[in-house]
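Asks: The structure file entry03.cif (mmCIF, C-alpha atoms and all ligand atoms) is provided below.
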data_final
loop_
_atom_site.label_atom_id
_atom_site.label_comp_id
_atom_site.auth_asym_id
_atom_site.auth_seq_id
_atom_site.Cartn_x
_atom_site.Cartn_y
_atom_site.Cartn_z
CA MET A 1 234.96 12.54 173.80
CA SER A 2 232.05 10.35 174.78
CA LEU A 3 231.82 8.89 178.23
CA ASP A 4 230.86 5.23 178.59
CA LEU A 5 229.40 4.95 182.06
CA ASP A 6 229.27 1.16 181.82
CA ILE A 7 233.06 0.92 182.06
CA PRO A 8 233.86 -0.15 185.63
CA SER A 9 235.27 2.59 187.83
CA ARG A 10 235.70 3.24 191.53
CA PHE A 11 233.67 6.44 191.07
CA ASP A 12 229.90 6.48 190.92
CA ARG A 13 228.15 7.42 187.67
CA ASP A 14 227.04 10.88 188.73
CA LEU A 15 230.51 11.85 189.88
CA ARG A 16 232.11 10.50 186.69
CA LYS A 17 229.66 12.50 184.60
CA GLU A 18 230.35 15.64 186.59
CA LEU A 19 234.14 15.22 186.41
CA HIS A 20 234.01 14.42 182.69
CA HIS A 21 232.00 17.56 181.94
CA LYS A 22 234.24 19.73 184.09
CA LEU A 23 237.31 18.36 182.30
CA LEU A 24 235.77 19.09 178.89
CA ALA A 25 234.84 22.62 179.98
CA ARG A 26 238.34 23.22 181.33
CA GLY A 27 239.92 21.90 178.13
CA SER A 28 237.70 24.12 176.05
CA ALA A 29 238.50 27.22 178.12
CA LEU A 30 242.24 26.50 177.92
CA ALA A 31 242.07 25.89 174.16
CA THR A 32 240.29 29.20 173.65
CA LEU A 33 242.92 31.04 175.68
CA LEU A 34 245.70 29.27 173.80
CA GLY A 35 244.16 30.36 170.49
CA ASP A 36 244.00 33.95 171.73
CA VAL A 37 247.60 33.91 172.94
CA LEU A 38 248.78 32.44 169.64
CA ALA A 39 246.92 35.31 167.93
CA ASP A 40 249.07 37.68 170.02
CA LYS A 41 246.30 38.76 172.33
CA ASP A 42 247.27 39.61 175.89
CA ARG A 43 245.56 37.03 178.10
CA LEU A 44 247.86 37.07 181.14
CA ALA A 45 245.06 38.18 183.49
CA ALA A 46 242.68 35.55 182.10
CA ILE A 47 245.36 32.85 182.42
CA ALA A 48 245.91 33.77 186.05
CA ALA A 49 242.15 33.92 186.65
CA ILE A 50 241.68 30.37 185.37
CA GLY A 51 244.28 29.16 187.88
CA VAL A 52 247.22 28.43 185.58
CA GLU A 53 250.29 29.30 187.64
CA PRO A 54 253.02 31.33 185.94
CA ARG A 55 256.47 29.70 185.91
CA PRO A 56 259.66 31.72 185.43
CA GLY A 57 260.95 31.53 181.89
CA ILE A 58 257.90 29.68 180.56
CA ARG A 59 255.89 31.47 177.90
CA PRO A 60 252.10 31.73 178.29
CA GLU A 61 251.45 29.44 175.32
CA GLU A 62 253.64 26.75 176.89
CA LEU A 63 251.83 27.08 180.21
CA LEU A 64 248.51 26.71 178.42
CA ARG A 65 249.70 23.73 176.35
CA ASP A 66 250.94 21.98 179.50
CA ALA A 67 247.67 22.66 181.30
CA LEU A 68 245.68 21.44 178.29
CA ASN A 69 247.74 18.25 178.04
CA GLN A 70 247.21 17.58 181.73
CA VAL A 71 243.45 18.00 181.37
CA GLU A 72 243.37 15.69 178.33
CA ARG A 73 245.48 13.02 180.04
CA ARG A 74 243.25 13.03 183.09
CA ARG A 75 240.06 12.95 181.00
CA ARG A 76 241.34 9.95 179.06
CA LEU A 77 242.13 8.10 182.29
CA LEU A 78 238.71 8.94 183.74
CA ASP A 79 236.84 7.94 180.59
CA ALA A 80 238.77 4.66 180.33
CA GLY A 81 237.98 3.76 183.94
CA ASP A 82 241.75 3.75 184.52
CA ASP A 83 242.49 3.40 188.24
CA ARG A 84 245.26 6.03 187.99
CA TYR A 85 242.61 8.74 187.63
CA GLY A 86 242.08 10.59 190.91
CA ARG A 87 245.42 9.46 192.32
CA CYS A 88 248.75 11.21 192.75
CA ASP A 89 251.07 10.43 189.83
CA VAL A 90 254.02 10.26 192.25
CA CYS A 91 252.82 8.26 195.26
CA GLY A 92 249.45 6.88 194.11
CA VAL A 93 247.50 8.20 197.08
CA GLU A 94 243.80 8.75 196.37
CA LEU A 95 242.80 12.39 196.06
CA SER A 96 239.70 13.31 198.02
CA ARG A 97 236.32 13.71 196.40
CA THR A 98 236.38 17.39 197.39
CA GLU A 99 239.76 17.89 195.71
CA LEU A 100 238.54 16.18 192.54
CA GLU A 101 235.33 18.16 192.42
CA GLN A 102 237.33 21.37 192.69
CA LEU A 103 240.20 20.32 190.42
CA PRO A 104 239.17 17.27 188.36
CA TRP A 105 242.47 17.54 186.45
CA ALA A 106 244.55 17.18 189.65
CA ASP A 107 247.34 14.64 189.24
CA ARG A 108 249.39 15.30 192.38
CA CYS A 109 248.69 15.14 196.11
CA GLN A 110 249.63 18.02 198.37
CA ALA A 111 252.89 16.32 199.35
CA HIS A 112 253.95 16.21 195.68
CA PRO A 113 253.22 19.57 194.07
CA ARG A 114 254.06 19.96 190.39
ZN ZN B 1 251.72 12.10 196.20
#
Turn this file's structure into structure tokens for me.
Ligand SMILES: [Zn+2]
Replies:
Amino acid sequence: MSLDLDIPSRFDRDLRKELHHKLLARGSALATLLGDVLADKDRLAAIAAIGVEPRPGIRPEELLRDALNQVERRRRLLDAGDDRYGRCDVCGVELSRTELEQLPWADRCQAHPR
């Protein structure tokens, strides 16, 4: 989980630190919700509040697992200085700094929604 800021990256150190911490916080919030849902607690409102979109036929625990996997994949790319971080998985376009600050786990551009 540690972040090595000496690994080369196209992002500056402060931004990498900020994105890394936001990704950890998001992962932690999702994991907590997933634990609650698996314990049969109703967390539909909380899941919506955290910005996880419902999908027809997909159970809340699957939505949360998908969201958690996405966050972890993005954090690993960021921490490794992998150039795929901050780009659309489909077309490779760079996401804007504003987009990344708001949604550091974003892996699609607006032309390629999930
Ligand atoms: Zn794209």
Asks: Grab me every residue within 8 Å of ligand ZN 1 (chain B), counting all atoms listed in the file, and send it over as a list in words.
Replies: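 Using all atoms listed in the file, I find these residues within 8 Å of ligand ZN 1 (chain B): Arg87, Cys88, Asp89, Val90, Cys91, Gly92, Val93, Arg108, Cys109, Gln110, Ala111, His112 and Pro113 of chain A.
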Asks: Quick one: of A:Ala48, A:Ala39, A:Leu3, A:Leu64, who's nearest to Glu18 of chain A, counting only C-alpha atoms?
Replies: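 With only C-alpha atoms as the atom set, the closest residue is A:Leu3.
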Asks: Skip Lys41 of chain A itself and residues of its chain fewer than 5 positions away, then list as a list in words all residues within 12 Å of it, counting all atoms listed in the file.
Replies: Thr32, Leu33, Leu34, Gly35, Asp36, Ala46, Ile47, Pro60 and Glu61 of chain A
Asks: For the atom pair atom CA of Ala31 of chain A and atom CA of Leu68 of chain A, what is the interatomic distance in Å to one decimal place?
Replies: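 Those two atoms sit 7.1 Å apart.
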Asks: Between atom CA of Asp107 of chain A and atom CA of Lys22 of chain A, measure the distance and give it in Å to one decimal.
Replies: 15.0 Å
Asks: Might you pull out every residue within 10 Å of Arg97 of chain A, with only C-alpha atoms counted and same-chain residues fewer than 4 positions away left off, and present them as a list in words?
Replies: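 Once the adjacent positions are removed, what remains is Phe11, Leu15, Gly86, Glu101, Gln102, Leu103 and Pro104 of chain A.
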Asks: How many Å separate atom CA of Gly27 of chain A from atom CA of Leu100 of chain A?
Replies: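 Calculated distance between atom CA of Gly27 of chain A and atom CA of Leu100 of chain A is 15.6 Å.
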Asks: Using all atoms listed in the file, which of the listed residues (A:Pro8, A:Ala29, A:Leu19, A:Asp83) sits closest to Arg65 of chain A?
Replies: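 Once distances to Arg65 of chain A are computed over all atoms listed in the file, the minimum belongs to A:Ala29.
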Asks: Counting all atoms listed in the file, figure out which residue out of A:Ala25, A:Val37, A:Leu30, A:Ala80 gets nearest to Asp66 of chain A.
Replies: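 Ranked by minimum distance to Asp66 of chain A, first place goes to A:Leu30.
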